[in-house]
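Have a look at query-v1.cif below; it lists mmCIF, N, CA and C atoms.
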data_model
loop_
_atom_site.group_PDB
_atom_site.id
_atom_site.type_symbol
_atom_site.label_atom_id
_atom_site.label_comp_id
_atom_site.auth_asym_id
_atom_site.auth_seq_id
_atom_site.Cartn_x
_atom_site.Cartn_y
_atom_site.Cartn_z
ATOM 1 N N MET A 1 77.043 91.124 -12.693
ATOM 2 C CA MET A 1 78.071 91.044 -13.716
ATOM 3 C C MET A 1 79.432 91.160 -13.029
ATOM 4 N N ASN A 2 80.305 90.203 -13.339
ATOM 5 C CA ASN A 2 81.634 90.275 -12.738
ATOM 6 C C ASN A 2 82.528 91.226 -13.533
ATOM 7 N N SER A 3 83.696 91.475 -13.003
ATOM 8 C CA SER A 3 84.582 92.469 -13.622
ATOM 9 C C SER A 3 84.994 92.053 -15.031
ATOM 10 N N ARG A 4 85.262 90.763 -15.246
ATOM 11 C CA ARG A 4 85.655 90.323 -16.592
ATOM 12 C C ARG A 4 84.557 90.601 -17.608
ATOM 13 N N GLU A 5 83.329 90.330 -17.219
ATOM 14 C CA GLU A 5 82.201 90.614 -18.114
ATOM 15 C C GLU A 5 82.078 92.111 -18.373
ATOM 16 N N GLN A 6 82.259 92.897 -17.329
ATOM 17 C CA GLN A 6 82.171 94.352 -17.484
ATOM 18 C C GLN A 6 83.259 94.865 -18.408
ATOM 19 N N TYR A 7 84.462 94.307 -18.307
ATOM 20 C CA TYR A 7 85.556 94.731 -19.192
ATOM 21 C C TYR A 7 85.205 94.446 -20.650
ATOM 22 N N ARG A 8 84.576 93.308 -20.897
ATOM 23 C CA ARG A 8 84.179 92.965 -22.268
ATOM 24 C C ARG A 8 83.067 93.894 -22.761
ATOM 25 N N VAL A 9 82.143 94.214 -21.883
ATOM 26 C CA VAL A 9 81.086 95.168 -22.245
ATOM 27 C C VAL A 9 81.707 96.527 -22.576
ATOM 28 N N ASN A 10 82.678 96.933 -21.772
ATOM 29 C CA ASN A 10 83.369 98.197 -22.039
ATOM 30 C C ASN A 10 84.036 98.170 -23.411
ATOM 31 N N ALA A 11 84.650 97.039 -23.750
ATOM 32 C CA ALA A 11 85.289 96.907 -25.063
ATOM 33 C C ALA A 11 84.252 97.021 -26.182
ATOM 34 N N GLU A 12 83.121 96.370 -26.017
ATOM 35 C CA GLU A 12 82.050 96.457 -27.016
ATOM 36 C C GLU A 12 81.571 97.903 -27.169
ATOM 37 N N ASN A 13 81.434 98.594 -26.055
ATOM 38 C CA ASN A 13 81.001 99.995 -26.105
ATOM 39 C C ASN A 13 82.019 100.862 -26.842
ATOM 40 N N CYS A 14 83.292 100.589 -26.621
ATOM 41 C CA CYS A 14 84.326 101.348 -27.331
ATOM 42 C C CYS A 14 84.244 101.106 -28.836
ATOM 43 N N LEU A 15 84.001 99.859 -29.219
ATOM 44 C CA LEU A 15 83.879 99.568 -30.652
ATOM 45 C C LEU A 15 82.649 100.248 -31.251
ATOM 46 N N ARG A 16 81.570 100.310 -30.488
ATOM 47 C CA ARG A 16 80.385 101.057 -30.957
ATOM 48 C C ARG A 16 80.719 102.536 -31.150
ATOM 49 N N MET A 17 81.475 103.063 -30.205
ATOM 50 C CA MET A 17 81.871 104.466 -30.316
ATOM 51 C C MET A 17 82.756 104.678 -31.548
ATOM 52 N N ALA A 18 83.631 103.720 -31.820
ATOM 53 C CA ALA A 18 84.492 103.823 -33.003
ATOM 54 C C ALA A 18 83.649 103.824 -34.271
ATOM 55 N N LYS A 19 82.657 102.940 -34.324
ATOM 56 C CA LYS A 19 81.796 102.860 -35.513
ATOM 57 C C LYS A 19 80.988 104.132 -35.710
ATOM 58 N N GLY A 20 80.618 104.766 -34.608
ATOM 59 C CA GLY A 20 79.785 105.957 -34.699
ATOM 60 C C GLY A 20 80.559 107.266 -34.637
ATOM 61 N N ALA A 21 81.870 107.180 -34.644
ATOM 62 C CA ALA A 21 82.689 108.390 -34.491
ATOM 63 C C ALA A 21 82.457 109.352 -35.647
ATOM 64 N N GLN A 22 82.210 110.597 -35.315
ATOM 65 C CA GLN A 22 82.036 111.641 -36.320
ATOM 66 C C GLN A 22 83.382 112.047 -36.912
ATOM 67 N N ASN A 23 84.392 112.020 -36.073
ATOM 68 C CA ASN A 23 85.728 112.407 -36.505
ATOM 69 C C ASN A 23 86.551 111.134 -36.732
ATOM 70 N N GLN A 24 87.033 110.936 -37.944
ATOM 71 C CA GLN A 24 87.803 109.740 -38.297
ATOM 72 C C GLN A 24 89.064 109.585 -37.443
ATOM 73 N N ARG A 25 89.574 110.690 -36.948
ATOM 74 C CA ARG A 25 90.774 110.626 -36.106
ATOM 75 C C ARG A 25 90.483 109.995 -34.753
ATOM 76 N N ASP A 26 89.223 109.947 -34.356
ATOM 77 C CA ASP A 26 88.861 109.345 -33.070
ATOM 78 C C ASP A 26 88.802 107.819 -33.129
ATOM 79 N N ILE A 27 88.648 107.259 -34.300
ATOM 80 C CA ILE A 27 88.470 105.812 -34.433
ATOM 81 C C ILE A 27 89.634 105.031 -33.834
ATOM 82 N N PRO A 28 90.894 105.362 -34.153
ATOM 83 C CA PRO A 28 91.995 104.587 -33.548
ATOM 84 C C PRO A 28 92.003 104.650 -32.018
ATOM 85 N N LEU A 29 91.611 105.771 -31.464
ATOM 86 C CA LEU A 29 91.548 105.880 -30.003
ATOM 87 C C LEU A 29 90.546 104.880 -29.438
ATOM 88 N N TRP A 30 89.344 104.830 -30.005
ATOM 89 C CA TRP A 30 88.312 103.916 -29.522
ATOM 90 C C TRP A 30 88.714 102.461 -29.705
ATOM 91 N N VAL A 31 89.351 102.156 -30.829
ATOM 92 C CA VAL A 31 89.788 100.779 -31.069
ATOM 93 C C VAL A 31 90.886 100.386 -30.080
ATOM 94 N N THR A 32 91.805 101.292 -29.829
ATOM 95 C CA THR A 32 92.870 101.029 -28.854
ATOM 96 C C THR A 32 92.283 100.820 -27.465
ATOM 97 N N LEU A 33 91.305 101.627 -27.099
ATOM 98 C CA LEU A 33 90.653 101.445 -25.794
ATOM 99 C C LEU A 33 89.962 100.090 -25.717
ATOM 100 N N ALA A 34 89.295 99.701 -26.800
ATOM 101 C CA ALA A 34 88.628 98.393 -26.835
ATOM 102 C C ALA A 34 89.655 97.274 -26.650
ATOM 103 N N GLN A 35 90.777 97.371 -27.340
ATOM 104 C CA GLN A 35 91.832 96.361 -27.200
ATOM 105 C C GLN A 35 92.356 96.309 -25.770
ATOM 106 N N SER A 36 92.496 97.458 -25.158
ATOM 107 C CA SER A 36 92.978 97.500 -23.766
ATOM 108 C C SER A 36 91.989 96.833 -22.824
ATOM 109 N N TRP A 37 90.697 97.095 -23.021
ATOM 110 C CA TRP A 37 89.684 96.448 -22.184
ATOM 111 C C TRP A 37 89.714 94.936 -22.378
ATOM 112 N N LEU A 38 89.887 94.480 -23.616
ATOM 113 C CA LEU A 38 89.943 93.046 -23.873
ATOM 114 C C LEU A 38 91.184 92.412 -23.248
ATOM 115 N N ARG A 39 92.309 93.098 -23.325
ATOM 116 C CA ARG A 39 93.527 92.586 -22.691
ATOM 117 C C ARG A 39 93.333 92.479 -21.177
ATOM 118 N N LEU A 40 92.683 93.474 -20.605
ATOM 119 C CA LEU A 40 92.416 93.436 -19.167
ATOM 120 C C LEU A 40 91.502 92.261 -18.824
ATOM 121 N N ALA A 41 90.485 92.029 -19.632
ATOM 122 C CA ALA A 41 89.584 90.886 -19.407
ATOM 123 C C ALA A 41 90.359 89.572 -19.500
ATOM 124 N N GLU A 42 91.225 89.453 -20.494
ATOM 125 C CA GLU A 42 92.024 88.237 -20.656
ATOM 126 C C GLU A 42 92.975 88.051 -19.472
ATOM 127 N N HIS A 43 93.586 89.118 -19.041
ATOM 128 C CA HIS A 43 94.487 89.059 -17.885
ATOM 129 C C HIS A 43 93.714 88.617 -16.641
ATOM 130 N N THR A 44 92.542 89.172 -16.462
ATOM 131 C CA THR A 44 91.705 88.811 -15.321
ATOM 132 C C THR A 44 91.322 87.343 -15.385
ATOM 133 N N ASP A 45 91.015 86.841 -16.586
ATOM 134 C CA ASP A 45 90.715 85.418 -16.754
ATOM 135 C C ASP A 45 91.905 84.558 -16.333
ATOM 136 N N ARG A 46 93.099 84.930 -16.782
ATOM 137 C CA ARG A 46 94.298 84.162 -16.433
ATOM 138 C C ARG A 46 94.545 84.178 -14.931
ATOM 139 N N MET A 47 94.387 85.338 -14.316
ATOM 140 C CA MET A 47 94.616 85.443 -12.878
ATOM 141 C C MET A 47 93.578 84.631 -12.095
ATOM 142 N N ALA A 48 92.348 84.636 -12.541
ATOM 143 C CA ALA A 48 91.303 83.857 -11.873
ATOM 144 C C ALA A 48 91.605 82.367 -11.986
ATOM 145 N N GLU A 49 92.065 81.928 -13.168
ATOM 146 C CA GLU A 49 92.423 80.523 -13.340
ATOM 147 C C GLU A 49 93.597 80.147 -12.450
ATOM 148 N N GLU A 50 94.583 81.009 -12.368
ATOM 149 C CA GLU A 50 95.730 80.739 -11.510
ATOM 150 C C GLU A 50 95.309 80.661 -10.046
ATOM 151 N N LEU A 51 94.423 81.547 -9.638
ATOM 152 C CA LEU A 51 93.939 81.527 -8.265
ATOM 153 C C LEU A 51 93.183 80.230 -7.971
ATOM 154 N N ARG A 52 92.348 79.778 -8.908
ATOM 155 C CA ARG A 52 91.642 78.503 -8.718
ATOM 156 C C ARG A 52 92.640 77.350 -8.576
ATOM 157 N N TYR A 53 93.671 77.365 -9.401
ATOM 158 C CA TYR A 53 94.702 76.330 -9.347
ATOM 159 C C TYR A 53 95.407 76.343 -7.984
ATOM 160 N N LEU A 54 95.796 77.521 -7.525
ATOM 161 C CA LEU A 54 96.486 77.621 -6.237
ATOM 162 C C LEU A 54 95.591 77.193 -5.086
ATOM 163 N N ARG A 55 94.318 77.495 -5.183
ATOM 164 C CA ARG A 55 93.389 77.059 -4.130
ATOM 165 C C ARG A 55 93.271 75.537 -4.115
ATOM 166 N N ARG A 56 93.217 74.927 -5.306
ATOM 167 C CA ARG A 56 93.164 73.462 -5.369
ATOM 168 C C ARG A 56 94.411 72.851 -4.740
ATOM 169 N N LEU A 57 95.567 73.426 -5.058
ATOM 170 C CA LEU A 57 96.805 72.927 -4.468
ATOM 171 C C LEU A 57 96.777 73.050 -2.942
ATOM 172 N N ALA A 58 96.326 74.186 -2.453
ATOM 173 C CA ALA A 58 96.258 74.410 -1.000
ATOM 174 C C ALA A 58 95.293 73.424 -0.368
ATOM 175 N N ASP A 59 94.164 73.176 -1.015
ATOM 176 C CA ASP A 59 93.194 72.212 -0.487
ATOM 177 C C ASP A 59 93.792 70.803 -0.453
ATOM 178 N N GLU A 60 94.477 70.427 -1.523
ATOM 179 C CA GLU A 60 95.106 69.110 -1.575
ATOM 180 C C GLU A 60 96.175 68.986 -0.501
ATOM 181 N N GLU A 61 96.934 70.033 -0.306
ATOM 182 C CA GLU A 61 97.982 70.038 0.723
ATOM 183 C C GLU A 61 97.364 69.905 2.115
ATOM 184 N N ALA A 62 96.269 70.598 2.348
ATOM 185 C CA ALA A 62 95.601 70.539 3.655
ATOM 186 C C ALA A 62 95.036 69.147 3.898
ATOM 187 N N ILE A 63 94.534 68.526 2.859
ATOM 188 C CA ILE A 63 93.945 67.186 3.001
ATOM 189 C C ILE A 63 95.024 66.151 3.276
ATOM 190 N N SER A 64 96.181 66.303 2.653
ATOM 191 C CA SER A 64 97.238 65.296 2.789
ATOM 192 C C SER A 64 97.978 65.386 4.125
ATOM 193 N N HIS A 65 97.763 66.464 4.869
ATOM 194 C CA HIS A 65 98.451 66.592 6.168
ATOM 195 C C HIS A 65 97.505 66.477 7.288
#
Spit out the file's structure as structure tokens when you get a sec.
Amino acid sequence: MNSREQYRVNAENCLRMAKGAQNQRDIPLWVTLAQSWLRLAEHTDRMAEELRYLRRLADEEAISH
């Protein structure tokens, strides 16, 4: 499992914790944590895409010279 997948699993686990929270005051904490994990996963996706793009550019540059 890569880090992006793990971040999404972490978010799912936080939502499960929110659903099962005994104390209603804990729910916003778990939901906020889930949102943070999802944002991190999305950020990681964007960075991975950018890295793939930069590698393609570098490969094209190497081929043209």
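The space between atom CA of Asp45 of chain A and atom CA of Gln6 of chain A spans 12.4 Å.
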Quiz item: When you draw a straight line from atom N of Val9 of chain A to atom CA of Leu33 of chain A, how long is it in Å?
Solution: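 We find that atom N of Val9 of chain A and atom CA of Leu33 of chain A lie 11.8 Å from each other.
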Exercise. Tell me, in Å to one decimal, how far atom N of His43 of chain A is from atom CA of Arg4 of chain A.
Key: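 Between these atoms lies a distance of 8.4 Å.
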Practice problem: Would you list, as number ranges by chain, the residues of chain A that end up in alpha helix (DSSP H) under DSSP run on this structure's backbone? | Solution: A: 3-19, 27-64
Practice problem: List every protein, DNA or RNA residue with an atom no more than 8 Å from (85.7, 89.0, -16.7) in the file's coordinates, counting all atoms listed in the file, and format the result as a ChimeraX atom specification. | Solution: /A:1-8,40-42,44-45
I'd like a table as a Markdown table: residues in segment 28-56 of chain A with an atom no more than 7 Å from segment 16-21 of chain A, each row giving the shortest atom pair and its distance in Å to one decimal, all atoms listed in the file counted, sorted by chain and rising residue number.
| residue | atom | partner | partner_atom | distance |
| --- | --- | --- | --- | --- |
| A:Pro28 | N | A:Ala18 | CA | 6.7 |
| A:Trp30 | CA | A:Ala18 | CA | 5.2 |
| A:Val31 | N | A:Ala18 | CA | 5.6 |
